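**Student:** My structure is below; once you've seen it, I'll send some questions.
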Amino acid sequence: MNPISRIIARLSRYRRHKFAGPALLIAGLSIAGIGFSVAQAATTEIQKVTTSDKASLIAEGKEIFARGCSSCHGLNAEGAGAAPSLIGVGAASVDFQVATGRMPMADMSQQAMRKEPVYNEAEVAALAAYVASLAPGPAAVTNEELAWERSGDTALGGELFRTNCAMCHNLAGQGGALTQGKYAPTVMGVEPRHIYEAMVTGPQAMPVFANTVLTHDEKLSIIKWIKHAENEPALGGAALGRVGPVTEGLLAWTLGLGLLIGIAVWLTTKAR
Amino acid sequence: MSARERLAGGTANFIDERTGAAKWMKKTLTKVFPDHWSFMLGEIVMYSFVILLLSGTFLTFWFDPSMKEVEYEGSYEPLSGVKMSAAYASTLNISFDVRGGLLMRQIHHWAALIFMAAMVIHMMRVFFTGAFRKPRELNWIIGVALLTLGIVEGFLGYSLPDDLLSGTGIRIAEAIIQAIPVVGSYLAYFVFGGAFPGEVFIQRIYTVHILLIPGIMLALITAHLMLVWYQKHTQYPGPGRTEKNVVGYPLMPVYMAKAGGFFFIVFGVTAFLGAVASINPIWIFGPYNPGQIGAGSQPDWYMGWLDGLVRLAPPIETHAFGYTISWNILIPGLIVPGIIFTLLAFYPFIEQWMTGDKREHHILDRPRNNPNRTAIGAMSLTFTLVALINGGNDLIATHFDLSINQIMWFSRIGIIILPPLAFVITKRICLSLQRADRELVLHGRETGRLVMLPHGEFIEVHEPLSPQKAYLLTHHEQNPPLALTNEDAQGVANPQGIKGRVRSRMSRAAQEQITKPTAKEVLEIEEGHH
Ligand code: HEM
């Protein structure tokens, strides 16, 4: 008899004990209770946002906006100087720009760069709600809503990526240079929802991919391909940054030829 | 005599009686090879070529050089159902469904990169030591042909899998062919068998890649080695080494054993790279499709400098007689490389013309003792390097946070300014090294030991050089520049006036040297000191 079945056998001896019923009930209830409160804690953030009154969310967003964004975008997001008007850009644009850390912009350089986000998810949602309230625009999405794993098609996504995105983002999605110091960043390691929002809103030099150009499902396929490429193990050995022949050439000269020359020197000095 | 010995002796006898091989073998096997690491560079090239032949043959068993459209059904999921050429599909098949196929592909490609790199380094050794001088000019020219063929061969091989990355390269090649005035577009039509990309291109380059060019290269390599054999190897200067002998090891057994071992080392390093480092992961790039293009597309490094030249050309076009001449492609894509390879091939003769030295040379130069040549080499390398850097301008821009325009302007200005600068600096460095050598011969090595003389003065003790070392530093000859007159004996201006003046100027530059110490000077100093 193995140890587990021995324990089960011993426990089953108490099955008919008179406290067995109540004890089981208590145990069951407390497990359910703990589980529920953990789940509750995990969802309160979202609960608060969805249940709280929309108007107060917008008000909260307006307040954050006035503090963090209005210096550039104007008090009513009407735009000023280099910073564009945000009226009509929609929640998707705000979610993309703020949750990837691009906004608030750190310095007025060539391009707003991805960095550690300044605001947390709730504050981003408030900002998005506020900007969306100014005029209708593309809505923000969540990773869960996207369901790209179910609806996407990797092979199709790869084809679409090569047709629509690779000329800026590189065949392997590693990013590429544009003119005047601008660049298309790598798409590896980007949240699915931000990939989606990038396509919908077309940040900066990137074009907008409306549903007439890429349908919702095609966008999901692209996301699926990107996620696949990101997680694909390096099939042929070290990936060398996946930037192609440049690092390969560097390695051939240094490790390949360098090693061989080193050995040649060693062989001929040993011979003396 | 044991049975085995009798058998071996009998066989040897049989062959000798019918071919007279024994005499030849005896002469051959005792042939002497000098021993220096830089003489093994050519061997690296040779062994990588052998590795290319072997691994390439393996690939031909499965590669299907066809542009016929197929739907992929192999085991690489992310491309399943995608339409692609049979060439691309078969390369995927080699990578994922043929046992050892990916390793072989990677070995083949790494070997190609090392082959080209070793060829360049080998050429640099020959150049900087003056090994190309008479009687070896012909072998130098064969080498330049091999280098050119290697570049073409590599480019074609890189294009065979018909992936999107290499397809971008072919598209540029097509643009270069089209840029040839008047006949360009017909020529492109002919090469691709119709409008780009056509349906026969892969098939055609396959034949060229596995048959034509390797065949020519094999023939040239054989001729190359036979010439080395026949003319004997050059050697570095040293006591006992003259223009008439070769000092080194006999071919058998010492050299053969070393060479055989070295082949396996080259193979080992290539196989190691093939096993641990991914190269040309075509499955990520996707199949070629003329409607698609990727940012940051690069050719292999040996094409990179040509790509860099094309990238840095400002957009200039002329329209004349209904034709468009794209200077921005024509000049960097055809004219400049044409000039470079012509100058490269004829360099031995150019140098002969400049120095007027048409004698045979078997003892190598130390690079510093020929400052002009060394400076020309440095200048050419700088030119190529700037072009190569510009070839990677997009990657440098994204990875070092620079603007692609900045890099382009750096390269445009740099390619004009930096090579002459490299020339001047290299020449000065060579001359100061000569000056240091002169000091060393005249005053010996500084020992760092200070000695106080009786009257209180401190001097540092100098140790005289060993005779070997002193010989090494003074054996080379220094010739005066060519004395060229601009008028003949009757005072009539030389009909070749300008040519003569140019030549005399070149000759003066070529012979700029720090005068080496004469035997008399050394003697005087020695007597004075002791
Ligand atoms: C001598 C110099 C050679 C060079 C520089 C060279 C270079 C290359 C390169 C760079 C590739 C691309 C491979 C890849 O994408 O992984 C390639 C492919 C190929 N080479 Fe060569 N190669 C040489 C000789 C040969 C020879 C002699 C053969 C055959 C006898 C051969 C057969 C092939 C085949 C069949 C392919 C395409 C298959 C594939 O990529 O999977 N190569 N070569």
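Labels for the structure tokens follow display order: chains A, B, ..., residues from 1 in each chain, ligands from 1.
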Show me which residues sit within 8 Å of ligand 1 when counting only C-alpha atoms and all ligand atoms, and put them as an NGL selection string.
**Tutor:** :B and (49 or 52-63 or 90-92 or 94-95 or 105-106 or 108-113 or 115-116 or 150-161 or 206 or 209-211 or 213-215 or 217 or 279-282 or 300)
**Student:** Residues near B:Ile170, anyone? I mean within 12 Å using only C-alpha atoms, not counting same-chain ones fewer than 4 positions away, as number ranges by chain.
**Tutor:** B: 152, 155-166, 174-177, 188, 191-192, 196-198, 201-202, 205, 288-290, 293, 297-299, 303, 307
**Student:** Residues of chain B that approach chain A to 8 Å or less, counting only C-alpha atoms: could you list each one with the shortest pair of atoms and its distance in Å to one decimal, rows by chain and increasing residue number, as a tab-separated table?
**Tutor:**
```
residue	atom	partner	partner_atom	distance
B:Asp35	CA	A:Thr268	CA	6.5
B:His36	CA	A:Thr268	CA	5.9
B:Trp37	CA	A:Val265	CA	4.8
B:Ser38	CA	A:Ala264	CA	7.8
B:Met40	CA	A:Ala264	CA	6.5
B:Leu41	CA	A:Ile261	CA	7.4
B:Ile44	CA	A:Leu260	CA	7.7
B:Glu77	CA	A:Ala155	CA	7.6
B:Pro78	CA	A:Ala155	CA	4.7
B:Leu79	CA	A:Ala155	CA	4.8
B:Ser80	CA	A:Ala155	CA	6.2
B:Gly81	CA	A:Ala155	CA	7.2
B:Val82	CA	A:Ala155	CA	6.6
B:Leu102	CA	A:Gly236	CA	7.0
B:Leu103	CA	A:Gly236	CA	7.6
B:Gln106	CA	A:Gly236	CA	7.9
B:Trp110	CA	A:Ala252	CA	6.8
B:Leu113	CA	A:Ala252	CA	6.0
B:Ile114	CA	A:Ala252	CA	5.7
B:Ala117	CA	A:Trp253	CA	6.5
B:Ala118	CA	A:Leu257	CA	6.7
B:Leu165	CA	A:Leu171	CA	7.7
B:Ile265	CA	A:Leu260	CA	7.7
B:Val266	CA	A:Leu260	CA	6.7
B:Val269	CA	A:Gly256	CA	6.6
B:Thr270	CA	A:Gly256	CA	7.0
B:Leu273	CA	A:Gly256	CA	7.4
B:Ala275	CA	A:Gly237	CA	6.5
B:Val276	CA	A:Gly237	CA	4.5
B:Ala277	CA	A:Gly237	CA	4.4
B:Ser278	CA	A:Gly236	CA	4.3
B:Ile279	CA	A:Glu248	CA	6.6
B:Asn280	CA	A:Gly244	CA	6.6
B:Pro281	CA	A:Gly236	CA	7.4
B:Ile284	CA	A:Ala172	CA	5.9
B:Phe285	CA	A:Leu171	CA	5.3
B:Gly286	CA	A:Arg162	CA	7.7
B:Gly291	CA	A:Thr163	CA	6.9
B:Gln292	CA	A:Thr163	CA	5.0
B:Ile293	CA	A:Met167	CA	5.2
B:Gly294	CA	A:Met167	CA	4.3
B:Ala295	CA	A:Asn170	CA	4.3
B:Gly296	CA	A:Gly176	CA	5.7
B:Ser297	CA	A:Asn170	CA	7.6
B:Gln298	CA	A:Pro245	CA	6.0
B:Pro299	CA	A:Pro245	CA	6.2
B:Asp300	CA	A:Pro245	CA	5.1
B:Trp301	CA	A:Gly249	CA	5.4
B:Gly392	CA	A:Val246	CA	7.0
B:Asp394	CA	A:Ala177	CA	5.2
B:Leu395	CA	A:Gly176	CA	7.1
B:Ala397	CA	A:Ala177	CA	6.3
B:Thr398	CA	A:Ala177	CA	5.7
B:Asp401	CA	A:Gly181	CA	7.6
B:Leu402	CA	A:Gly181	CA	6.0
B:Ser403	CA	A:Gly181	CA	3.5
B:Ile404	CA	A:Gly181	CA	6.0
B:Asn405	CA	A:Gln180	CA	5.8
B:Gln406	CA	A:Gln180	CA	8.0
```
**Student:** Between atom CA of B:Pro367 and atom CA of B:Leu138, what is the spacing in Å?
**Tutor:**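 Straight-line distance from atom CA of B:Leu138 to atom CA of B:Pro367 works out to 21.5 Å.
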**Student:** Quick one: pick out all strand (DSSP E) residues within stretch 164-407 of chain B from a backbone DSSP run and write them as a list in words.
**Tutor:**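 Matching residues, listed in order: Tyr249, Pro250, Glu317, Thr318, His319, Ala320, Tyr323, Thr324, Ile325 and Ser326 of chain B.
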**Student:** Counting only C-alpha atoms, what is within 9 Å of A:Gln204, bar same-chain residues fewer than 3 positions away, as a ChimeraX atom specification?
**Tutor:** /A:111-112,207
**Student:** Would you mind exporting C-alpha atoms of the selected residues as a PDB file, in the first residue's frame?
**Tutor:**
```pdb
ATOM      1  CA  GLN A 111       9.819  61.504 -31.079  1.00  0.00           C
ATOM      2  CA  ALA A 112       7.981  60.651 -27.877  1.00  0.00           C
ATOM      3  CA  PRO A 207      -0.270  55.472 -40.561  1.00  0.00           C
TER       4      PRO A 207
END
```
**Student:** Work out how far atom CA of B:Arg311 is from atom CA of B:Val386, in Å to one decimal.
**Tutor:**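 Atom CA of B:Arg311 lies 11.8 Å from atom CA of B:Val386.
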**Student:** What's the separation between atom CA of B:Arg99 and atom CA of B:Tyr72, in Å to one decimal place?
**Tutor:**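 Going from atom CA of B:Arg99 over to atom CA of B:Tyr72 covers 18.7 Å.
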**Student:** Might you pull out every residue within 10 Å of A:Pro203, with only C-alpha atoms counted and same-chain residues fewer than 3 positions away left off, and present them as JSON, numbers by chain?
**Tutor:** {"A": [93, 96, 97, 112, 197, 198, 199, 200, 206, 207, 208]}
